[in-house]
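Working notes, structure below.
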Amino acid sequence: MPALHAFANPARFLKIARPLTPVLFWAGVVLAAFGAFAGLTLTPPDYLQKESVRILYIHVPAAWLGMAGWSGIALSSLVYLVWRHPLAAIAARACAPAGAVFAAICLITGSIWGRPTWGTWWEWDGRLTSMLLLFFVYLAYIALARADADRGGDGRVPALFGVAGSVLLPVIRYSVVWWNTLHQGQSIGLTGSKIDGSMLWPLGFTGIGFTLFFAGVVLMRMRALLAQQKVEARMKRMAAR
């Protein structure tokens, strides 16, 4: 815990975040761009899904980061509720917009992929419906956190919501197991992959690239929120004189 308390110091955090933000951001952009290019031009089409399978290089990382973003919100919210670290609340707020964007990308690319594969743009199956619910929960959290900040709240209500919302994550993860669904089952696991290696390798680049990009955006957002708090505190001091 001493190390956690030390890192929770805003000055120490900013000292690390300032140089790290552009490194993560641009490394993510380069890796994701290369992975997307390789997936579009250097891999063979699938024998069943043909060229439409190439959307997986965007869809899979987006789905992963849509869920990982809420995992970050839930973990940061729990840390804030237990130890009252202000940076934890800021981290949760910073994760929300990026996570919502990736959840939206997951839904959009999934719909595009589903049209030639399933013959429909949308199907109310377990995976799609639970991911749509997560997107709406993201929007609710963003609105709740903003309202709490505007009224001068202490952040506990958004934090409780952040922890409670995590119940959707196992539902999304196991929806293809629990319910009869059009969505395919898990293709990549700890024990191996059902995707042929000739098609799989660019996914590593886009997966790592988008993850680094996500981390860079979250750090950028945290720095912006800290700067906003600093300006607001200065304005309050000036008004009190």
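So you can find residues: chains in the structure tokens are A, B, ... in the order shown, residues in each start at 1, and ligands are numbered from 1 in order.
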
I'd like a table as a Markdown table: residues in range 7-121 of chain A with an atom no more than 8 Å from range 158-172 of chain A, each row giving the shortest atom pair and its distance in Å to one decimal, only C-alpha atoms counted, sorted by chain and rising residue number.
| residue | atom | partner | partner_atom | distance |
| --- | --- | --- | --- | --- |
| A:Met67 | CA | A:Leu169 | CA | 6.6 |
| A:Trp70 | CA | A:Ser166 | CA | 6.8 |
| A:Ser71 | CA | A:Ser166 | CA | 6.8 |
| A:Ile73 | CA | A:Gly162 | CA | 5.8 |
| A:Ala74 | CA | A:Val163 | CA | 4.5 |
| A:Leu75 | CA | A:Val163 | CA | 7.4 |
| A:Ser77 | CA | A:Ala159 | CA | 4.5 |
| A:Leu78 | CA | A:Val163 | CA | 6.4 |
| A:Tyr80 | CA | A:Ala159 | CA | 7.2 |
| A:Leu81 | CA | A:Ala159 | CA | 6.8 |
| A:Ala89 | CA | A:Ala159 | CA | 7.2 |
| A:Ala92 | CA | A:Gly162 | CA | 8.0 |

Output the selection as a compact mmCIF listing (two decimals), in the first residue's frame - N, CA and C atoms for each residue.
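Contents of again_34.txt, as written:
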# COMPACT_ATOMS: atom_id res chain seq x y z
N MET A 67 -14.72 -3.91 -22.91
CA MET A 67 -14.84 -4.58 -21.61
C MET A 67 -13.72 -4.15 -20.65
N TRP A 70 -14.40 -0.85 -18.88
CA TRP A 70 -15.25 -0.90 -17.67
C TRP A 70 -14.54 -1.61 -16.53
N SER A 71 -13.67 -2.55 -16.82
CA SER A 71 -12.87 -3.17 -15.75
C SER A 71 -12.02 -2.11 -15.06
N ILE A 73 -12.77 1.10 -14.88
CA ILE A 73 -13.69 1.92 -14.09
C ILE A 73 -14.03 1.23 -12.77
N ALA A 74 -14.35 -0.06 -12.84
CA ALA A 74 -14.74 -0.80 -11.63
C ALA A 74 -13.60 -0.87 -10.63
N LEU A 75 -12.38 -1.18 -11.11
CA LEU A 75 -11.23 -1.28 -10.21
C LEU A 75 -10.89 0.07 -9.60
N SER A 77 -12.91 2.61 -9.20
CA SER A 77 -13.99 2.98 -8.30
C SER A 77 -13.87 2.26 -6.96
N LEU A 78 -13.49 0.98 -7.01
CA LEU A 78 -13.32 0.22 -5.77
C LEU A 78 -12.18 0.80 -4.94
N TYR A 80 -11.17 3.86 -4.98
CA TYR A 80 -11.62 5.13 -4.43
C TYR A 80 -12.54 4.92 -3.23
N LEU A 81 -13.44 3.96 -3.31
CA LEU A 81 -14.36 3.72 -2.21
C LEU A 81 -13.64 3.23 -0.95
N ALA A 89 -10.63 8.14 -8.61
CA ALA A 89 -11.88 8.66 -9.19
C ALA A 89 -11.62 9.30 -10.55
N ALA A 92 -11.14 6.57 -13.15
CA ALA A 92 -12.42 6.00 -13.57
C ALA A 92 -13.11 6.90 -14.58

Practice task
To one decimal in Å, tell me the separation between CA of Ala63 in chain A and CA of Gly110 in chain A.
Solution key: 9.2 Å

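Comparing the minimum interatomic distances between Ala32 in chain A and each of A:Gly197, A:Gly204, A:Gly99, A:Gly216, counting only C-alpha atoms, we find that A:Gly204 sits nearest.
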
Practice task
Rank nothing, just name the residue among A:Phe205, A:Trp118, A:Trp64, A:Tyr47 nearest to Ala103 in chain A, using only C-alpha atoms.
Solution key: A:Trp64

Fill in the blank from the handout: From CA of Leu65 in chain A to CA of Thr109 in chain A the spacing works out at 13.8 Å

Exercise for the section: Could you check how far CA of Glu123 in chain A sits from CA of Gly66 in chain A, in Å to one decimal? Expected result: 19.3 Å

Practice task
Extract, using only C-alpha atoms, all DNA, RNA and protein residues at most 12 Å from Leu128 in chain A, discarding same-chain residues fewer than 2 positions from it, and format them as a count of residues only.
Solution key: 32

Mind running range 99-198 of chain A against range 35-44 of chain A at 12 Å and telling me each contacting residue's nearest atom pair with the distance in Å (one decimal), counting only C-alpha atoms, chain and number ascending, as JSON lines?
{"residue": "A:Ile195", "atom": "CA", "partner": "A:Pro44", "partner_atom": "CA", "distance": 11.9}
{"residue": "A:Asp196", "atom": "CA", "partner": "A:Pro44", "partner_atom": "CA", "distance": 10.1}
{"residue": "A:Gly197", "atom": "CA", "partner": "A:Thr43", "partner_atom": "CA", "distance": 9.7}
{"residue": "A:Ser198", "atom": "CA", "partner": "A:Thr43", "partner_atom": "CA", "distance": 6.3}

Those same residues - N, CA and C atoms - I'd like them written as an mmCIF file, in the first residue's frame.
data_model
loop_
_atom_site.group_PDB
_atom_site.id
_atom_site.type_symbol
_atom_site.label_atom_id
_atom_site.label_comp_id
_atom_site.auth_asym_id
_atom_site.auth_seq_id
_atom_site.Cartn_x
_atom_site.Cartn_y
_atom_site.Cartn_z
ATOM 1 N N ILE A 195 -8.341 -19.777 -34.961
ATOM 2 C CA ILE A 195 -8.029 -19.016 -36.168
ATOM 3 C C ILE A 195 -6.665 -19.463 -36.684
ATOM 4 N N ASP A 196 -6.582 -19.722 -37.963
ATOM 5 C CA ASP A 196 -5.322 -20.161 -38.557
ATOM 6 C C ASP A 196 -4.252 -19.086 -38.386
ATOM 7 N N GLY A 197 -3.018 -19.546 -38.184
ATOM 8 C CA GLY A 197 -1.917 -18.618 -37.941
ATOM 9 C C GLY A 197 -1.685 -17.622 -39.055
ATOM 10 N N SER A 198 -1.970 -18.018 -40.298
ATOM 11 C CA SER A 198 -1.773 -17.108 -41.425
ATOM 12 C C SER A 198 -2.718 -15.907 -41.367
#

Handout entry: Minimum-distance residue to Lys50 in chain A, chosen among A:Ala100, A:Met199, A:Ala11, A:Leu20 (using only C-alpha atoms)
Key = A:Met199
